[in-house]
>>> print(open('target-v9.cif').read())   # mmCIF, C-alpha atoms
data_upload
loop_
_atom_site.label_atom_id
_atom_site.label_comp_id
_atom_site.auth_asym_id
_atom_site.auth_seq_id
_atom_site.Cartn_x
_atom_site.Cartn_y
_atom_site.Cartn_z
CA MET D 98 90.08 121.55 -135.86
CA ASN D 99 87.66 123.58 -133.79
CA PRO D 100 88.56 127.29 -134.18
CA LEU D 101 87.46 127.87 -130.60
CA ILE D 102 90.15 125.46 -129.45
CA ASP D 103 92.86 126.53 -131.87
CA GLY D 104 93.94 130.00 -130.77
CA ARG D 105 95.23 130.95 -134.23
CA GLY D 106 92.00 129.85 -135.93
CA TYR D 107 89.92 131.74 -133.46
CA GLY D 108 92.00 134.84 -134.08
CA MET D 109 91.52 134.66 -137.84
CA GLU D 110 87.75 134.03 -137.47
CA PHE D 111 87.42 137.04 -135.17
CA LEU D 112 89.36 139.24 -137.58
CA LYS D 113 87.07 138.22 -140.50
CA ARG D 114 83.93 139.00 -138.51
CA PHE D 115 85.44 142.33 -137.38
CA MET D 116 86.30 143.37 -140.94
CA ASN D 117 82.89 142.30 -142.28
CA GLY D 118 81.19 144.47 -139.69
CA MET D 119 83.30 147.53 -140.39
CA SER D 120 82.72 149.86 -143.30
CA ILE D 121 85.62 151.06 -145.45
CA ARG D 122 84.90 154.62 -144.31
CA ASN D 123 85.18 153.73 -140.65
CA PHE D 124 88.34 151.77 -141.30
CA LEU D 125 89.97 154.70 -143.11
CA THR D 126 88.82 157.14 -140.42
CA GLY D 127 90.34 154.94 -137.73
CA SER D 128 93.59 154.57 -139.68
CA VAL D 129 93.92 158.32 -140.13
CA GLY D 130 93.27 158.82 -136.41
CA VAL D 131 96.02 156.34 -135.47
CA LEU D 132 98.42 158.02 -137.92
CA ALA D 133 97.62 161.46 -136.52
CA LEU D 134 98.21 160.23 -132.97
CA SER D 135 101.52 158.68 -134.00
CA LEU D 136 102.64 161.93 -135.63
CA ALA D 137 101.66 163.90 -132.54
CA VAL D 138 103.71 161.58 -130.32
CA PHE D 139 106.65 161.79 -132.72
CA SER D 140 106.47 165.60 -132.83
CA LEU D 141 106.29 165.83 -129.05
CA ASN D 142 109.33 163.60 -128.75
CA ASN D 143 111.20 165.80 -131.22
CA ILE D 144 110.28 168.93 -129.25
CA VAL D 145 111.49 167.39 -125.98
CA THR D 146 114.71 166.18 -127.61
CA THR D 147 115.36 169.55 -129.25
CA ARG D 148 114.76 171.45 -126.02
CA ARG D 149 117.04 169.13 -124.13
CA ALA D 150 119.75 169.52 -126.76
CA ALA D 151 119.33 173.30 -126.63
CA GLY D 152 119.67 173.16 -122.84
CA ASP D 153 122.84 171.08 -123.09
CA ILE D 154 124.38 173.49 -125.59
CA SER D 155 123.40 176.47 -123.44
CA ARG D 156 124.92 174.82 -120.38
CA MET D 157 128.12 174.05 -122.28
CA ALA D 158 128.39 177.65 -123.48
CA LYS D 159 128.00 178.91 -119.90
CA SER D 160 130.50 176.34 -118.64
CA ASN D 161 133.06 177.45 -121.21
CA GLU D 162 132.49 181.08 -120.24
CA LEU D 163 132.86 180.20 -116.55
CA ALA D 164 136.14 178.41 -117.26
CA ASP D 165 137.49 181.50 -119.01
CA ASP D 166 136.42 183.76 -116.13
CA ILE D 167 138.08 181.54 -113.52
CA LEU D 168 141.28 181.32 -115.56
CA GLU D 169 141.30 185.10 -115.96
CA ALA D 170 140.79 185.46 -112.21
CA ALA D 171 143.65 183.03 -111.55
CA GLY D 172 145.95 185.23 -113.62
CA TYR D 173 145.22 188.28 -111.46
CA GLU D 174 145.29 186.22 -108.26
CA GLY D 175 148.71 184.84 -109.12
CA LYS D 176 150.03 188.37 -109.62
CA GLU D 177 148.42 189.50 -106.40
CA GLY D 178 149.98 186.54 -104.62
CA ALA D 179 153.50 187.28 -105.88
CA ASN D 180 153.34 191.01 -105.20
CA THR D 181 151.90 190.48 -101.73
CA ALA D 182 154.60 187.90 -100.93
CA LEU D 183 157.21 190.40 -102.09
CA ALA D 184 155.73 193.15 -99.88
CA LEU D 185 155.64 190.81 -96.88
CA SER D 186 159.25 189.71 -97.43
CA GLY D 187 160.86 193.14 -97.15
CA ASP D 188 162.35 194.46 -93.94
CA GLY D 189 160.69 197.87 -94.15
CA GLU D 190 157.22 199.16 -94.93
CA ALA D 191 155.76 198.36 -98.35
CA ASP D 192 155.80 201.38 -100.66
CA ALA D 193 152.54 203.05 -101.64
CA ALA D 194 152.90 202.15 -105.34
CA THR D 195 153.20 198.44 -104.56
CA VAL D 196 150.23 198.50 -102.20
CA GLY D 197 148.16 200.38 -104.77
CA HIS D 198 149.07 197.83 -107.46
CA ILE D 199 148.10 194.95 -105.17
CA ARG D 200 144.68 196.49 -104.56
CA GLU D 201 144.13 196.93 -108.30
CA LEU D 202 144.97 193.26 -108.84
CA ARG D 203 142.55 192.26 -106.08
CA ALA D 204 139.73 194.23 -107.69
CA SER D 205 140.36 192.74 -111.14
CA GLY D 206 140.65 189.18 -109.82
CA ASP D 207 137.52 189.51 -107.70
CA GLU D 208 135.53 190.90 -110.62
CA ALA D 209 136.43 187.95 -112.87
CA ALA D 210 135.80 185.42 -110.07
CA LYS D 211 132.41 186.98 -109.30
CA LYS D 212 131.35 186.50 -112.93
CA GLY D 213 132.37 182.86 -112.67
CA TYR D 214 130.42 182.35 -109.45
CA GLU D 215 127.28 183.89 -110.96
CA LEU D 216 127.55 181.60 -113.99
CA ALA D 217 128.03 178.61 -111.69
CA GLY D 218 124.76 179.47 -109.97
CA LYS D 219 122.97 179.63 -113.33
CA ILE D 220 124.44 176.28 -114.40
CA VAL D 221 123.27 174.67 -111.15
CA SER D 222 119.74 175.89 -111.92
CA LEU D 223 119.99 174.50 -115.48
CA ASP D 224 121.36 171.12 -114.43
CA GLY D 225 120.08 169.88 -111.08
CA SER D 226 121.89 166.56 -111.60
CA ASN D 227 125.29 168.20 -111.05
CA GLU D 228 125.27 168.21 -107.25
CA THR D 229 129.07 168.37 -107.06
CA LEU D 230 129.04 171.79 -108.74
CA GLY D 231 126.86 173.25 -105.99
CA ALA D 232 129.23 171.87 -103.35
CA ALA D 233 132.26 173.25 -105.23
CA LEU D 234 130.61 176.66 -105.40
CA THR D 235 130.10 176.61 -101.62
CA ARG D 236 133.76 175.67 -101.07
CA ALA D 237 134.92 178.47 -103.34
CA GLY D 238 132.79 180.93 -101.38
CA ASN D 239 134.31 179.73 -98.11
CA ALA D 240 137.82 179.97 -99.56
CA TYR D 241 137.11 183.54 -100.66
CA ARG D 242 136.12 184.49 -97.11
CA ASP D 243 139.42 183.02 -95.87
CA LEU D 244 141.24 185.05 -98.52
CA GLU D 245 139.54 188.25 -97.40
CA ALA D 246 140.71 187.60 -93.84
CA ALA D 247 144.26 186.95 -95.07
CA ARG D 248 144.19 190.17 -97.10
CA LYS D 249 143.34 192.11 -93.95
CA LYS D 250 146.36 190.57 -92.20
CA ALA D 251 148.57 191.46 -95.15
CA ASP D 252 147.25 195.03 -95.24
CA ASP D 253 148.01 195.39 -91.55
CA ASN D 254 151.57 194.16 -92.13
CA PHE D 255 152.30 196.38 -95.13
CA GLY D 256 152.73 199.33 -92.80
CA ARG D 257 155.06 197.53 -90.41
CA ALA D 258 158.82 197.14 -90.45
CA ALA D 259 158.60 194.01 -88.28
CA LYS D 260 155.93 191.72 -89.74
CA ASP D 261 153.98 188.94 -88.01
CA TYR D 262 152.40 187.45 -91.15
CA SER D 263 154.84 185.50 -93.30
CA ALA D 264 154.99 185.35 -97.07
CA THR D 265 155.00 181.55 -96.82
CA ASP D 266 151.69 181.49 -94.94
CA TRP D 267 150.23 183.97 -97.42
CA ASN D 268 151.34 181.87 -100.41
CA MET D 269 149.71 178.76 -98.95
CA LEU D 270 146.43 180.58 -98.36
CA MET D 271 146.33 182.11 -101.85
CA GLY D 272 147.20 178.71 -103.34
CA SER D 273 144.25 177.14 -101.52
CA TYR D 274 141.88 179.79 -102.87
CA ILE D 275 143.11 179.38 -106.46
CA ASP D 276 142.78 175.60 -106.12
CA ALA D 277 139.17 175.95 -104.87
CA ASN D 278 138.33 178.01 -107.95
CA ALA D 279 140.05 175.49 -110.19
CA ASP D 280 137.93 172.73 -108.66
CA LEU D 281 134.81 174.79 -109.36
CA ARG D 282 135.88 175.15 -112.98
CA MET D 283 136.40 171.41 -113.39
CA LYS D 284 133.16 170.47 -111.62
CA THR D 285 131.28 172.51 -114.21
CA PHE D 286 132.01 169.73 -116.71
CA THR D 287 131.16 166.73 -114.50
CA SER D 288 127.44 166.67 -115.26
CA SER D 289 125.90 163.29 -116.09
CA ARG D 290 124.66 165.02 -119.26
CA SER D 291 128.12 166.13 -120.37
CA ARG D 292 128.45 163.19 -122.74
CA GLU D 293 125.52 164.61 -124.70
CA SER D 294 127.29 167.94 -125.19
CA SER D 295 130.03 168.97 -127.58
CA ALA D 296 132.87 166.48 -127.24
CA GLU D 297 135.34 169.00 -128.66
CA ALA D 298 134.31 171.67 -126.15
CA LEU D 299 134.71 169.15 -123.33
CA ARG D 300 138.16 168.11 -124.53
CA MET D 301 139.31 171.71 -124.78
CA ASN D 302 138.09 172.50 -121.28
CA LEU D 303 139.06 169.28 -119.50
CA VAL D 304 142.43 168.77 -121.19
CA ILE D 305 143.76 171.90 -122.87
CA LYS D 306 142.53 174.56 -120.45
CA GLN D 307 143.58 172.37 -117.54
CA ALA D 308 147.07 172.15 -119.01
CA VAL D 309 147.13 175.94 -119.40
CA TYR D 310 145.92 176.38 -115.83
CA ASP D 311 148.54 174.02 -114.38
CA THR D 312 151.33 175.66 -116.39
CA MET D 313 150.26 179.12 -115.28
CA GLU D 314 149.58 178.15 -111.66
CA TYR D 315 152.87 176.35 -111.02
CA ALA D 316 154.89 178.98 -112.87
CA GLY D 317 153.11 181.44 -110.59
CA ARG D 318 154.16 179.49 -107.53
CA GLU D 319 157.76 179.69 -108.71
CA ARG D 320 157.30 183.45 -109.17
CA ALA D 321 156.06 183.85 -105.59
CA ILE D 322 158.74 181.64 -103.99
CA LEU D 323 161.62 183.32 -105.81
CA ALA D 324 160.20 186.79 -105.13
CA ARG D 325 160.53 186.06 -101.42
CA VAL D 326 163.99 184.50 -101.77
CA ILE D 327 165.40 187.29 -103.94
CA ALA D 328 164.02 189.95 -101.58
CA SER D 329 165.81 188.24 -98.69
CA GLY D 330 169.15 188.37 -100.50
CA LYS D 331 169.88 184.81 -99.40
CA PRO D 332 170.72 181.68 -101.42
CA ILE D 333 167.91 179.32 -102.40
CA ASP D 334 167.63 176.84 -99.53
CA ARG D 335 167.07 173.10 -99.98
CA GLU D 336 163.39 173.17 -99.05
CA ALA D 337 162.64 175.97 -101.51
CA GLN D 338 164.69 174.27 -104.22
CA ALA D 339 162.78 171.01 -103.78
CA ARG D 340 159.47 172.83 -104.18
CA LEU D 341 160.77 174.75 -107.18
CA ASP D 342 161.94 171.54 -108.86
CA THR D 343 158.52 169.91 -108.35
CA ASP D 344 156.67 172.96 -109.64
CA ARG D 345 158.87 173.17 -112.73
CA ALA D 346 158.35 169.51 -113.54
CA ILE D 347 154.59 170.10 -113.58
CA VAL D 348 155.06 173.18 -115.78
CA GLU D 349 157.14 171.33 -118.36
CA MET D 350 154.78 168.33 -118.46
CA ASN D 351 151.81 170.56 -119.23
CA LEU D 352 153.75 172.69 -121.69
CA ASN D 353 154.05 169.59 -123.88
CA THR D 354 150.24 169.38 -124.07
CA ILE D 355 149.98 173.05 -125.05
CA LEU D 356 152.75 172.90 -127.65
CA ALA D 357 151.15 169.83 -129.27
CA LEU D 358 148.15 172.02 -130.15
CA LYS D 359 150.14 173.64 -132.93
CA ASP D 360 149.92 170.39 -134.91
CA SER D 361 146.17 169.91 -134.34
CA ASP D 362 142.96 171.39 -135.76
CA VAL D 363 143.00 174.78 -134.02
CA ASP D 364 142.32 178.33 -135.14
CA PRO D 365 145.21 180.53 -136.39
CA ASP D 366 144.85 182.78 -133.32
CA VAL D 367 145.61 179.81 -131.05
CA ARG D 368 148.78 178.99 -133.02
CA LYS D 369 149.78 182.65 -132.88
CA ALA D 370 149.30 182.75 -129.10
CA ILE D 371 151.38 179.59 -128.64
CA SER D 372 154.19 181.03 -130.79
CA LYS D 373 154.11 184.18 -128.65
CA MET D 374 154.31 182.04 -125.51
CA GLU D 375 157.36 180.25 -126.92
CA GLU D 376 159.01 183.58 -127.67
CA ILE D 377 158.33 185.16 -124.28
CA PHE D 378 157.93 182.40 -121.66
CA LEU D 379 160.30 179.84 -123.18
CA GLY D 380 162.60 182.46 -124.69
CA ARG D 381 163.23 185.79 -122.98
CA PHE D 382 161.93 184.79 -119.56
CA GLN D 383 163.82 181.50 -119.62
CA GLU D 384 167.07 183.47 -119.83
CA VAL D 385 166.05 185.48 -116.75
CA ARG D 386 165.18 182.27 -114.88
CA LYS D 387 168.55 180.78 -115.73
CA SER D 388 170.43 183.79 -114.36
CA VAL D 389 168.38 183.82 -111.14
CA TYR D 390 168.91 180.11 -110.47
CA GLU D 391 172.64 180.45 -111.09
CA ALA D 392 172.79 183.32 -108.59
CA GLY D 393 170.70 181.28 -106.16
CA GLN D 394 173.84 179.46 -105.01
CA THR D 395 175.34 182.66 -103.57
CA GLY D 396 172.41 185.04 -103.07
CA SER D 397 173.92 187.69 -105.36
CA TYR D 398 170.92 188.07 -107.68
CA PRO D 399 171.21 190.06 -110.92
CA ILE D 400 167.75 191.63 -110.48
CA SER D 401 165.58 192.78 -107.58
CA GLY D 402 162.56 190.91 -106.29
CA LYS D 403 160.28 193.48 -107.94
CA GLU D 404 162.03 193.11 -111.29
CA TRP D 405 161.76 189.33 -111.03
CA VAL D 406 158.02 189.54 -110.46
CA GLU D 407 157.65 191.82 -113.49
CA LYS D 408 159.64 189.50 -115.77
CA ALA D 409 157.86 186.39 -114.50
CA THR D 410 154.49 188.07 -114.93
CA GLU D 411 155.27 188.93 -118.54
CA GLY D 412 156.05 185.28 -119.20
CA ILE D 413 152.98 183.93 -117.39
CA ASP D 414 150.72 186.43 -119.15
CA SER D 415 151.76 184.88 -122.47
CA ILE D 416 150.40 181.55 -121.17
CA LEU D 417 147.15 183.26 -120.17
CA ASP D 418 146.89 184.58 -123.74
CA VAL D 419 146.82 180.97 -124.98
CA SER D 420 143.90 180.27 -122.65
CA ALA D 421 142.02 183.31 -123.97
CA ALA D 422 142.59 182.22 -127.58
CA VAL D 423 141.37 178.68 -126.85
CA GLY D 424 138.29 180.07 -125.07
CA LYS D 425 137.38 182.21 -128.08
CA MET D 426 137.85 179.25 -130.42
CA VAL D 427 135.53 177.06 -128.34
CA ASP D 428 132.97 179.86 -128.20
CA SER D 429 133.07 180.24 -131.99
CA ARG D 430 132.33 176.54 -132.39
CA ILE D 431 129.53 176.40 -129.79
CA VAL D 432 127.65 179.61 -130.66
CA PRO D 433 126.41 178.41 -134.10
CA ASP D 434 124.92 175.32 -132.44
CA LEU D 435 123.38 177.47 -129.73
CA ARG D 436 121.74 179.76 -132.29
CA ALA D 437 120.51 176.84 -134.37
CA SER D 438 118.90 175.25 -131.31
CA LYS D 439 116.73 178.28 -130.56
#
>>> encode(input="target-v9.cif", output="structure tokens")
Amino acid sequence: MNPLIDGRGYGMEFLKRFMNGMSIRNFLTGSVGVLALSLAVFSLNNIVTTRRAAGDISRMAKSNELADDILEAAGYEGKEGANTALALSGDGEADAATVGHIRELRASGDEAAKKGYELAGKIVSLDGSNETLGAALTRAGNAYRDLEAARKKADDNFGRAAKDYSATDWNMLMGSYIDANADLRMKTFTSSRSRESSAEALRMNLVIKQAVYDTMEYAGRERAILARVIASGKPIDREAQARLDTDRAIVEMNLNTILALKDSDVDPDVRKAISKMEEIFLGRFQEVRKSVYEAGQTGSYPISGKEWVEKATEGIDSILDVSAAVGKMVDSRIVPDLRASK
């Protein structure tokens, strides 16, 4: 068959002529050049992949730190919320010690939240694909401005016997601010690149820390509601009881997630923090809760509103300690990867 007609024959004939016209030296030189080019491409790909992995690990480390800052802020904000509600519920002027304590809590909460906001800005610059984080940061900023306005109203009412700003309105506003920060924390982990980051770090932040947050937040709402009710000296009304029942159901559901950690692969400090939470929140504080709810039928409470806030805060702080322990554990598992990537 004519090799010019048969494509395969023509190909073989061309290859023979090409090889006959090429010296061994030229062939080897060309082969080495192709190999060098292939290695260069491979190395460049490795550099790009390594840098991207390093960026993902860095972003995850910052996200974990942001989550811890926002949770720390929520702890102070919850205390501020309860103490402010208590001050707004009394018939007379709020005492100077209470007002001073509220201002200290504001400063501590704002400091932690500010750290979180700054980290959110850095994460946005690292990961332009996470547009929802930028929007969440804007919402949190707007919510903070609303909180500042509410604080001014509260401050104005602290010095009055007859108040025109209710504890209920205050609690709703503070709840909205805490929720905006919680949304910011969650949006930190919604990047399209999250699946390339540490799966364990993601699980701890999206599941465990969320369970800690919900437990702490809804226990804090109970603290604020009962602070107002106890200060009034009245029985717990139906509306308040319905809200308290809902909040407690959320607390208990999330407590199960936290308690299950004791049987998983966690650091000893996390187990220790959970045991402390069981002793304080589910032990001593639970007895106080029981006595308050029993007295809620008559309004003859065994402790004052201030004492209730103190006892509830001690219990909720033990939940916050679990969050801190989990945050340190995640950091300890991310940092080696971060160092290795540099």
>>> closest_residue(input="target-v9.cif", among="D:Arg340, D:Lys219, D:Arg335, D:His198", to="D:Ile322", atoms="all atoms listed in the file")
D:Arg340
>>> residues_around(input="target-v9.cif", residues="D:Glu384", least_positions_apart="4", cutoff="12 Å", atoms="only C-alpha atoms", output="ChimeraX atom specification")
/D:376-380,388-391,399,405,408-409,412
>>> resolve_selection(input="target-v9.cif", expression="the PyMOL selection byres ((chain D and resi 186) around 8)", output="list in words")
Ala182, Leu183, Ala184, Leu185, Gly187, Asp188, Ser263, Ala264, Arg325, Ala328 and Ser329 of chain D
>>> atom_distance(input="target-v9.cif", atom1="atom CA of D:Lys159", atom2="atom CA of D:Glu245")
27.0 Å
>>> resolve_selection(input="target-v9.cif", expression="the PyMOL selection byres ((chain D and resi 181) around 10)", output="PDB file with C-alpha atoms, in the frame of the given file")
ATOM      1  CA  GLY D 175     148.710 184.840-109.120  1.00  0.00           C
ATOM      2  CA  LYS D 176     150.030 188.370-109.620  1.00  0.00           C
ATOM      3  CA  GLU D 177     148.420 189.500-106.400  1.00  0.00           C
ATOM      4  CA  GLY D 178     149.980 186.540-104.620  1.00  0.00           C
ATOM      5  CA  ALA D 179     153.500 187.280-105.880  1.00  0.00           C
ATOM      6  CA  ASN D 180     153.340 191.010-105.200  1.00  0.00           C
ATOM      7  CA  ALA D 182     154.600 187.900-100.930  1.00  0.00           C
ATOM      8  CA  LEU D 183     157.210 190.400-102.090  1.00  0.00           C
ATOM      9  CA  ALA D 184     155.730 193.150 -99.880  1.00  0.00           C
ATOM     10  CA  LEU D 185     155.640 190.810 -96.880  1.00  0.00           C
ATOM     11  CA  SER D 186     159.250 189.710 -97.430  1.00  0.00           C
ATOM     12  CA  ALA D 191     155.760 198.360 -98.350  1.00  0.00           C
ATOM     13  CA  THR D 195     153.200 198.440-104.560  1.00  0.00           C
ATOM     14  CA  VAL D 196     150.230 198.500-102.200  1.00  0.00           C
ATOM     15  CA  HIS D 198     149.070 197.830-107.460  1.00  0.00           C
ATOM     16  CA  ILE D 199     148.100 194.950-105.170  1.00  0.00           C
ATOM     17  CA  ARG D 200     144.680 196.490-104.560  1.00  0.00           C
ATOM     18  CA  ARG D 248     144.190 190.170 -97.100  1.00  0.00           C
ATOM     19  CA  ALA D 251     148.570 191.460 -95.150  1.00  0.00           C
ATOM     20  CA  ASP D 252     147.250 195.030 -95.240  1.00  0.00           C
ATOM     21  CA  PHE D 255     152.300 196.380 -95.130  1.00  0.00           C
ATOM     22  CA  ALA D 264     154.990 185.350 -97.070  1.00  0.00           C
ATOM     23  CA  TRP D 267     150.230 183.970 -97.420  1.00  0.00           C
ATOM     24  CA  ASN D 268     151.340 181.870-100.410  1.00  0.00           C
ATOM     25  CA  ALA D 321     156.060 183.850-105.590  1.00  0.00           C
ATOM     26  CA  ALA D 324     160.200 186.790-105.130  1.00  0.00           C
ATOM     27  CA  ARG D 325     160.530 186.060-101.420  1.00  0.00           C
TER      28      ARG D 325
END
>>> closest_residue(input="target-v9.cif", among="D:Val385, D:Glu404, D:Gly393, D:Ser415", to="D:Ile371", atoms="all atoms listed in the file")
D:Ser415
>>> residues_around(input="target-v9.cif", residues="D:Tyr310", least_positions_apart="2", cutoff="9 Å", atoms="only C-alpha atoms", output="PyMOL selection string")
chain D and resi 168+171+279+305-308+312-315+351+416-417+420
>>> resolve_selection(input="target-v9.cif", expression="the PyMOL selection byres ((chain D and resi 278) around 12)", output="PyMOL selection string")
chain D and resi 163-172+174+206-207+209-211+213-214+217+230+232-241+271-277+279-285+310+314
>>> atom_distance(input="target-v9.cif", atom1="atom CA of D:Glu319", atom2="atom CA of D:Lys359")
26.1 Å
>>> closest_residue(input="target-v9.cif", among="D:Val427, D:Tyr262, D:Ala194, D:Leu341", to="D:Arg386", atoms="all atoms listed in the file")
D:Leu341
>>> atom_distance(input="target-v9.cif", atom1="atom CA of D:Tyr398", atom2="atom CA of D:Ser372")
29.4 Å
>>> closest_residue(input="target-v9.cif", among="D:Ala193, D:Val367, D:Glu349, D:Ile333", to="D:Gly256", atoms="all atoms listed in the file")
D:Ala193
